[in-house]
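Student: Starting off with a structure, shown below.
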4 protein chains.
Amino acid sequence: MKKLNIGLVGYGFMGRTHSNAFRKAGNFFDLKYEPVLKAVCGQNLEKVTAFSKRWGYEGVETDWRKLIERKDIDLIDIACPNDLHKEIAIAAAKAGKMVLCEKPLSLNSKDGEAMVKAVEKSGVPNMVWYNYRRVPAITLAKKLIDEGRLGRIFHYRAKFLQDWTISKDLPQGGAGLWRLDAKVAGSGVTGDLLAHCIDTATWLNGGMTQVTAMTETFIKERKHTLTGKVQKVEIDDACAFLARFKNGSLATFESTRYARGHKALYTFEINGEHASIFWDLHDLHRLQYFDHRDESQLRGWKSIHVTDSDHPYMSKWWVPGLQIGYEHTFVHQVADFIESLDTKNKPKPDFREALDTQYICDTVLKSARTGKWEKIPALKV
Amino acid sequence: MKKLNIGLVGYGFMGRTHSNAFRKAGNFFDLKYEPVLKAVCGQNLEKVTAFSKRWGYEGVETDWRKLIERKDIDLIDIACPNDLHKEIAIAAAKAGKMVLCEKPLSLNSKDGEAMVKAVEKSGVPNMVWYNYRRVPAITLAKKLIDEGRLGRIFHYRAKFLQDWTISKDLPQGGAGLWRLDAKVAGSGVTGDLLAHCIDTATWLNGGMTQVTAMTETFIKERKHTLTGKVQKVEIDDACAFLARFKNGSLATFESTRYARGHKALYTFEINGEHASIFWDLHDLHRLQYFDHRDESQLRGWKSIHVTDSDHPYMSKWWVPGLQIGYEHTFVHQVADFIESLDTKNKPKPDFREALDTQYICDTVLKSARTGKWEKIPALKV
Amino acid sequence: MKKLNIGLVGYGFMGRTHSNAFRKAGNFFDLKYEPVLKAVCGQNLEKVTAFSKRWGYEGVETDWRKLIERKDIDLIDIACPNDLHKEIAIAAAKAGKMVLCEKPLSLNSKDGEAMVKAVEKSGVPNMVWYNYRRVPAITLAKKLIDEGRLGRIFHYRAKFLQDWTISKDLPQGGAGLWRLDAKVAGSGVTGDLLAHCIDTATWLNGGMTQVTAMTETFIKERKHTLTGKVQKVEIDDACAFLARFKNGSLATFESTRYARGHKALYTFEINGEHASIFWDLHDLHRLQYFDHRDESQLRGWKSIHVTDSDHPYMSKWWVPGLQIGYEHTFVHQVADFIESLDTKNKPKPDFREALDTQYICDTVLKSARTGKWEKIPALKV
Amino acid sequence: MKKLNIGLVGYGFMGRTHSNAFRKAGNFFDLKYEPVLKAVCGQNLEKVTAFSKRWGYEGVETDWRKLIERKDIDLIDIACPNDLHKEIAIAAAKAGKMVLCEKPLSLNSKDGEAMVKAVEKSGVPNMVWYNYRRVPAITLAKKLIDEGRLGRIFHYRAKFLQDWTISKDLPQGGAGLWRLDAKVAGSGVTGDLLAHCIDTATWLNGGMTQVTAMTETFIKERKHTLTGKVQKVEIDDACAFLARFKNGSLATFESTRYARGHKALYTFEINGEHASIFWDLHDLHRLQYFDHRDESQLRGWKSIHVTDSDHPYMSKWWVPGLQIGYEHTFVHQVADFIESLDTKNKPKPDFREALDTQYICDTVLKSARTGKWEKIPALKV
């Protein structure tokens, strides 16, 4: 079997999900290319070496430029904090490497535009890890919508609620906490959580036209781990917005890290003329479906346990009733990416689609500043 | 409108549910007879008088024999403890009164046989308050089963779990606690709770042929409120049994007052070749339904919010989405009882059907003693 | 017992809920005044007479002015469409009658102001039927919040979703459909459904400072039942808004009649520093509660079956585990209203509180027109 | 790191779950021994070779005796149908290999006794794959029980419901269907499904003393895939039993493959004096917990999303809110097995504990034949 030689940048949480996906995909899916874990790159030699051993990488690098220069690497996988996405992705594209990039694509739209240009200029396969598209229940939702089962869409509502930053003693910045540092993360919940909601929403419901938003930073100052000083918190702790879609539907979006009781409650619901769909990350193996065309006395919300062999991806796993989890969405993305190679099908979402999400995030943040409805601009690249 | 003059015996919990039902039925249902609350009977004059004022009874009696003798009473409603059911019912039947009786029908099968004979000899309308048949969700279940939607039935399982007698300091006997006194109640959870499960089961799933049971009394001695002495507890605190039905299906039944966390968790499930049904008293306005004939990728348990106008009884109440509660089952029973008058349709369950449940209860208790499978005898009256 | 002589205006859906409440309250609560159903008023003599018989009203009127003139009436209860609220309420107040009024208080804030002035000038007890405050689970929520258990509040979110107007063949206006006629209803979902959400929210979470909203009318034209012509639909089919509260919390509100699968799905959630609360009208007898102060490995959302005797109002009903329903909220409101008479406690929500909700509704609709954040004005009366 | 050289017998469903576990354990857990996939053994050379490539086994064998003879194998993992467990396990033990064996341990108690003798005589580490003990929610349940939080136990109830054999056209025997062939499987649902329930129950609730059972074979004849003939079905399609435990608690157990709507619904509930626990395989990442010592007005069933770092095993996986699935239970078992090596802690459940489950299964089947309560015998080895 042909090899796909992988160079991973970053060995944090996302480095683990990607490594696991590369390792497992071939056990469950019939792959045309075998992913080979050539090298992982990180600044701390000791830590990156420990990571490489744990996951079976053949070697390590401590400078991502060197990783990109290596001839034995086909694909650069970017799993480091957001502020490095742009530079690495552009360099990798210039070097003719395939590029996978963690979400959000970039710190902001401008950076993202440069990244799209780079990968499209070099013509390399590129993809962004909006992994939730490959939750079998969500893939099934997409199928149902594409089949027209919902009819005209009236409403979309999504939220992504967490509660891990409520303590005012939590510092900002540093290892494991860079998501609280605006310089590294770009934004708070908007880029971290709402970006997921937006990616799913535009995939399922088409383009968004305008938004009005509000953001809030509940804890105004936090100690910064790196500087040791109490500094102003620059990220958005919470963000909510109203939106209108091209198809005429209305939407509400909300995200926060101050919703006590919710660890990672990403939910979305879509209401159509004939049918409605609801999904919840805390029970990701289920899809709730209501169809008004059912016999009237028997209408109700159906809880579909998405574990049957005729459900998306599920024939590859175990038997009906036995659930898979979060990590499998990444395995699916690897399998789909490899499947797309040597074909005309681009792996999705690619950088271009992820840029669209970036535009929406930036417009949401802009609206929160201006207090006005703001239009989602057309892609400038 | 013609009047239906009612004489109620007992003013406890069930006296309240019945009185409420008689008062409300005409506000929501088109009745041929108007229930008139003529008199309520109880031993304690002060208490029964207070009750009569609260509920609008025209008068009171302190001796049920006098109540039965009264010419201005058409119907005797028995809502007192179980040990008095037999004597009152037989006297009322002899006096030509219609008779409604709280469940269980009697202390035991023998008493029940005498009661059936009495009402059938006198030919008076008679009914037992197995109220759960008239939960709209259960009535809907019955309809679905009668339409053959489930196909061949394989399994029935029911349980009725409570947790109110776990404290060893709870006394037995006396006001509000007569259900713990075997002399007054006849049995413990078997007659109190399993009788409900059995009534529903035989209504939905047909006759039962044999059972094997176990019972337990976890707290062996309790102070008796009336005697003031610590005495042996004679009732069954818990009872579970396996059963076979005439239609070939297998069943499990369980009841207890020692299931921490469950106040009145009566649930049943029925599994057929094509479809299954589940219901739960704690959310009595919902019916869970699974149909294997649904399109395979969309199969799931449907939660039917039984509040639409095409659901049983619901056109009489509010609007879709607005739930009714426990008390309404009694209202439905009153409405159906009155509807049956002057027709050939007997109000159900009548004493005869309730006797069948009594036979099963007695056989369950017998099996618990013998440790053997015991057959359900045919009715001897 | 002293009498409280009631004159009801309107015999539609709300006429039924109120009549039932007046009739039942005394059976379950210890009332200082006995509600007496003196007369019901409606334009159609035949229909109002039938209604009066069904519910036990002593008489009927066909002109509300005559009803108000009657000396034997203590209280005017307004349960007719919104466009008549103002005139009747003011006349009743002038006549010195107590006034109960269905929600929303009025067609708009201006009308509401006049109504507040009238009842406050005459000093009569007055109350608006925002019945959901008396769902035991919501009353319990209020108690928990008032005890400070949630700590600083970060988020409030509410929605009220229905699906009964999706068909374009549904006419606007006329009996049972006046809620689709802007002239009679004042607005669409904003006054009908969001008003409930706002009343609960301001009761639980305090004052609201500003909002930004969007509305939509999905079906632009409908036949009008009264004119027989196809006319422009003037009401809002859907409305969503973002809001900020005085306590610093952020909120999202949404309502629609185009959410397939939801009959009357009023839900709200409130997230505090220490604890969170969720409630759902489709299972109104439950309250979901999460407390972060629980032992960490055992933290989770608790589903409280609000049917215990130490839960609000529940000692008056049945036994633990046996649920009450929608109608009981009105019974509680009657009981609380009567309890407040002859005391210094004003029955709540009174007209003044309901006017605040009216202001918010009007501001929401204004924002939907201007596309801007709009401040909630202070009460001008 | 030291190596643990593994020889796997069988490449079916369980061959996959075990291989995945051996491969993944080291990525997530700190292992003292590195599992090395030396060889997989199966009769069909082509198929076993394909399996070995997919999973990265170094080589293949087609005769399990040769596998056992190999000096480079430390551990024999038995994942083939039940009828071969005994012979392979005994041979492996004699050869001094560690032995892991799929459940149920054996076709019957007698075979199991010989297996226990063999592994104990040779003193090799041995373990049976009752994987559900390592669902984090169940491990948490065990911890709560061991801490005495439930108090005296009154009730245990478990069921394992499936619906995949309802069609009468399904053949018995052959690849993927050997579970319907009594000669290969030993029994039907009793050994396949109830064995899981019994293993969990005795682990959580201690020893069982007696049972009374019923079994049923709904479809009496099926075509046998291997013989091509319609033959009598010898397995139990359904089995239910009542039981008593040494601690005085009462139990009900039920299993079937004819419960329409349930794919693999293994649930159990345990009711104690103070607290109760419920778990459901269809949502295996949740534990339901009720504690009566909670403040009374706030009592309720808590749904614990068992994904926090202080939950069993979960610190090794992702972040709070992100669920793991079925396969991870096997990973945990591998990690625990390896952890136990070179220590005095025996990996559990070992063959001896699994034999106890086998005794109970056999006693259940005996009771179903005799129609009597039967005592669970003491282990004879």
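In the structure tokens, each chain is lettered A, B, ... as it comes, each chain's residues begin at 1, and ligands are numbered from 1 in order of appearance.
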Select from region 69-211 of chain B everything DSSP, run on the backbone, classes as helix (DSSP H, G or I), then give the selection as a PyMOL selection string.
Tutor: chain B and resi 69+82-94+109-122+131-134+136-146+178-180+182-185+189-205
Student: For region 137-147 of chain C, list every protein, DNA or RNA residue within 8 Å, evaluated using only C-alpha atoms, and leave out those in the same chain fewer than 4 positions away; present the list as a PyMOL selection string.
Tutor: chain C and resi 132-133+203-204+277+279+284-287+306+311-312
Student: Would you give me, as JSON lines, each residue of chain B having an atom within 6 Å of an atom of chain C, along with its shortest atom pair and that distance in Å to one decimal, using only C-alpha atoms and sorting by chain and residue number?
Tutor:
{"residue": "B:Asn27", "atom": "CA", "partner": "C:Arg54", "partner_atom": "CA", "distance": 5.3}
{"residue": "B:Arg54", "atom": "CA", "partner": "C:Asn27", "partner_atom": "CA", "distance": 5.3}
{"residue": "B:Trp55", "atom": "CA", "partner": "C:Asn27", "partner_atom": "CA", "distance": 5.6}
{"residue": "B:Lys263", "atom": "CA", "partner": "C:Gly321", "partner_atom": "CA", "distance": 4.8}
{"residue": "B:Ala264", "atom": "CA", "partner": "C:Gly321", "partner_atom": "CA", "distance": 4.9}
{"residue": "B:Pro320", "atom": "CA", "partner": "C:Lys263", "partner_atom": "CA", "distance": 5.7}
{"residue": "B:Gly321", "atom": "CA", "partner": "C:Lys263", "partner_atom": "CA", "distance": 4.8}
{"residue": "B:Leu322", "atom": "CA", "partner": "C:Tyr326", "partner_atom": "CA", "distance": 5.7}
{"residue": "B:Gln323", "atom": "CA", "partner": "C:Gly325", "partner_atom": "CA", "distance": 5.2}
{"residue": "B:Ile324", "atom": "CA", "partner": "C:Gly325", "partner_atom": "CA", "distance": 4.4}
{"residue": "B:Gly325", "atom": "CA", "partner": "C:Ile324", "partner_atom": "CA", "distance": 4.4}
{"residue": "B:Tyr326", "atom": "CA", "partner": "C:Gln323", "partner_atom": "CA", "distance": 5.7}
Student: Determine which residues of region 109-189 of chain C receive a DSSP assignment of strand (DSSP E), computed from the backbone, and state them as a short mmCIF file (atom, residue, chain, number, x, y, z; two decimals) with N, CA and C atoms, in the first residue's frame.
Tutor:
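Written output follows (selection_6.cif):
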data_model
loop_
_atom_site.label_atom_id
_atom_site.label_comp_id
_atom_site.auth_asym_id
_atom_site.auth_seq_id
_atom_site.Cartn_x
_atom_site.Cartn_y
_atom_site.Cartn_z
N ASN C 126 -56.06 44.03 41.54
CA ASN C 126 -55.97 43.73 40.11
C ASN C 126 -54.84 42.74 39.87
N MET C 127 -55.01 41.93 38.87
CA MET C 127 -54.03 40.88 38.62
C MET C 127 -54.13 40.45 37.16
N VAL C 128 -53.01 40.04 36.61
CA VAL C 128 -52.97 39.55 35.23
C VAL C 128 -52.60 38.07 35.25
N ILE C 153 -25.66 35.67 38.43
CA ILE C 153 -26.29 35.09 37.24
C ILE C 153 -25.55 35.55 35.98
N PHE C 154 -25.22 34.59 35.13
CA PHE C 154 -24.54 34.91 33.88
C PHE C 154 -25.46 34.86 32.66
N HIS C 155 -26.37 33.90 32.67
CA HIS C 155 -27.17 33.69 31.45
C HIS C 155 -28.62 33.34 31.75
N TYR C 156 -29.45 33.83 30.89
CA TYR C 156 -30.87 33.45 30.89
C TYR C 156 -31.22 33.15 29.45
N ARG C 157 -31.92 32.05 29.24
CA ARG C 157 -32.40 31.79 27.85
C ARG C 157 -33.78 31.16 27.91
N ALA C 158 -34.63 31.67 27.06
CA ALA C 158 -36.00 31.18 27.04
C ALA C 158 -36.48 31.06 25.61
N LYS C 159 -37.35 30.10 25.41
CA LYS C 159 -38.00 30.03 24.11
C LYS C 159 -39.41 29.48 24.30
N PHE C 160 -40.25 29.83 23.36
CA PHE C 160 -41.62 29.32 23.36
C PHE C 160 -41.93 28.96 21.91
N LEU C 161 -41.92 27.66 21.65
CA LEU C 161 -42.02 27.18 20.26
C LEU C 161 -43.34 26.44 20.04
#
Student: What's the 7 Å shell around Val60 (chain A), counting only C-alpha atoms, without same-chain residues fewer than 3 positions away, as a CSV table (one decimal) with all heavy atoms, in the first residue's frame?
Tutor:
chain,number,residue,atom,x,y,z
A,39,ALA,N,7.0,12.2,11.8
A,39,ALA,CA,7.6,13.0,12.9
A,39,ALA,C,6.6,14.0,13.5
A,39,ALA,O,5.6,14.3,12.9
A,39,ALA,CB,8.7,13.9,12.2
A,40,VAL,N,6.9,14.3,14.8
A,40,VAL,CA,6.0,15.3,15.5
A,40,VAL,C,7.0,16.4,15.9
A,40,VAL,O,8.1,16.1,16.3
A,40,VAL,CB,5.3,14.6,16.6
A,40,VAL,CG1,6.3,13.9,17.6
A,40,VAL,CG2,4.5,15.7,17.4
A,41,CYS,N,6.4,17.6,15.8
A,41,CYS,CA,7.3,18.8,16.1
A,41,CYS,C,6.7,19.6,17.2
A,41,CYS,O,5.5,19.8,17.3
A,41,CYS,CB,7.3,19.6,14.8
A,41,CYS,SG,8.1,21.2,15.0
A,48,VAL,N,8.2,16.5,23.5
A,48,VAL,CA,7.8,16.1,22.2
A,48,VAL,C,8.3,14.6,22.0
A,48,VAL,O,7.7,13.8,21.3
A,48,VAL,CB,8.2,17.1,21.1
A,48,VAL,CG1,9.7,17.0,20.8
A,48,VAL,CG2,7.4,16.8,19.8
A,49,THR,N,9.5,14.4,22.6
A,49,THR,CA,10.0,13.0,22.5
A,49,THR,C,9.1,12.0,23.2
A,49,THR,O,8.8,10.9,22.7
A,49,THR,CB,11.4,13.0,23.1
A,49,THR,OG1,12.2,13.9,22.4
A,49,THR,CG2,12.1,11.6,22.9
A,52,SER,N,6.2,11.4,21.1
A,52,SER,CA,6.5,10.6,19.9
A,52,SER,C,6.6,9.1,20.2
A,52,SER,O,6.1,8.3,19.4
A,52,SER,CB,7.8,11.1,19.2
A,52,SER,OG,8.9,10.6,19.9
Student: What's the 12 Å shell around Asp350 (chain D), counting only C-alpha atoms, without same-chain residues fewer than 5 positions away, as a PyMOL selection string?
Tutor: chain D and resi 98-105+112+115-116+119-120+123-130+199+333+337+340+345+355-357
Student: Just want the 10 Å neighbourhood of Lys2 (chain D), counted on only C-alpha atoms, with same-chain residues fewer than 3 positions away dropped. Output as a compact mmCIF listing (two decimals) with C-alpha atoms, in the first residue's frame.
Tutor:
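Ended up saving to part_32.txt:
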# COMPACT_ATOMS: atom_id res chain seq x y z
CA ASN D 5 3.83 -10.99 23.20
CA LEU D 31 2.02 0.55 30.60
CA LYS D 32 4.83 -1.48 32.15
CA TYR D 33 4.67 -3.92 29.27
CA GLU D 34 4.19 -3.11 25.64
CA PRO D 35 1.65 -5.41 24.01
CA VAL D 36 3.13 -6.87 20.83
Student: Compare D:Lys86, D:Lys110, D:Lys97, D:Arg149 by their minimum atom-to-atom distance to Asp362 (chain D), counting only C-alpha atoms, and give me the closest one.
Tutor: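 Comparing D:Lys86, D:Lys110, D:Lys97, D:Arg149 against Asp362 (chain D), the winner is D:Lys110.
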Student: Could you give me, as a PyMOL selection string, the residues within 10 Å of Gln43 (chain B), counting only C-alpha atoms and dropping anything in the same chain fewer than 3 positions from it?
Tutor: chain B and resi 9-11+46-48+61-64
Student: Report the distance between CA of Ala368 (chain D) and CA of Thr212 (chain D) in Å, rounded to one decimal place.
Tutor: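 Distance between the two atoms: 7.1 Å.
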Student: Hey, what's within 10 Å of Leu150 (chain C) if we count only C-alpha atoms and toss same-chain stuff fewer than 6 positions away? As an NGL selection string, please?
Tutor: (:A and (260)) or (:C and (144 or 270-277 or 290-292))
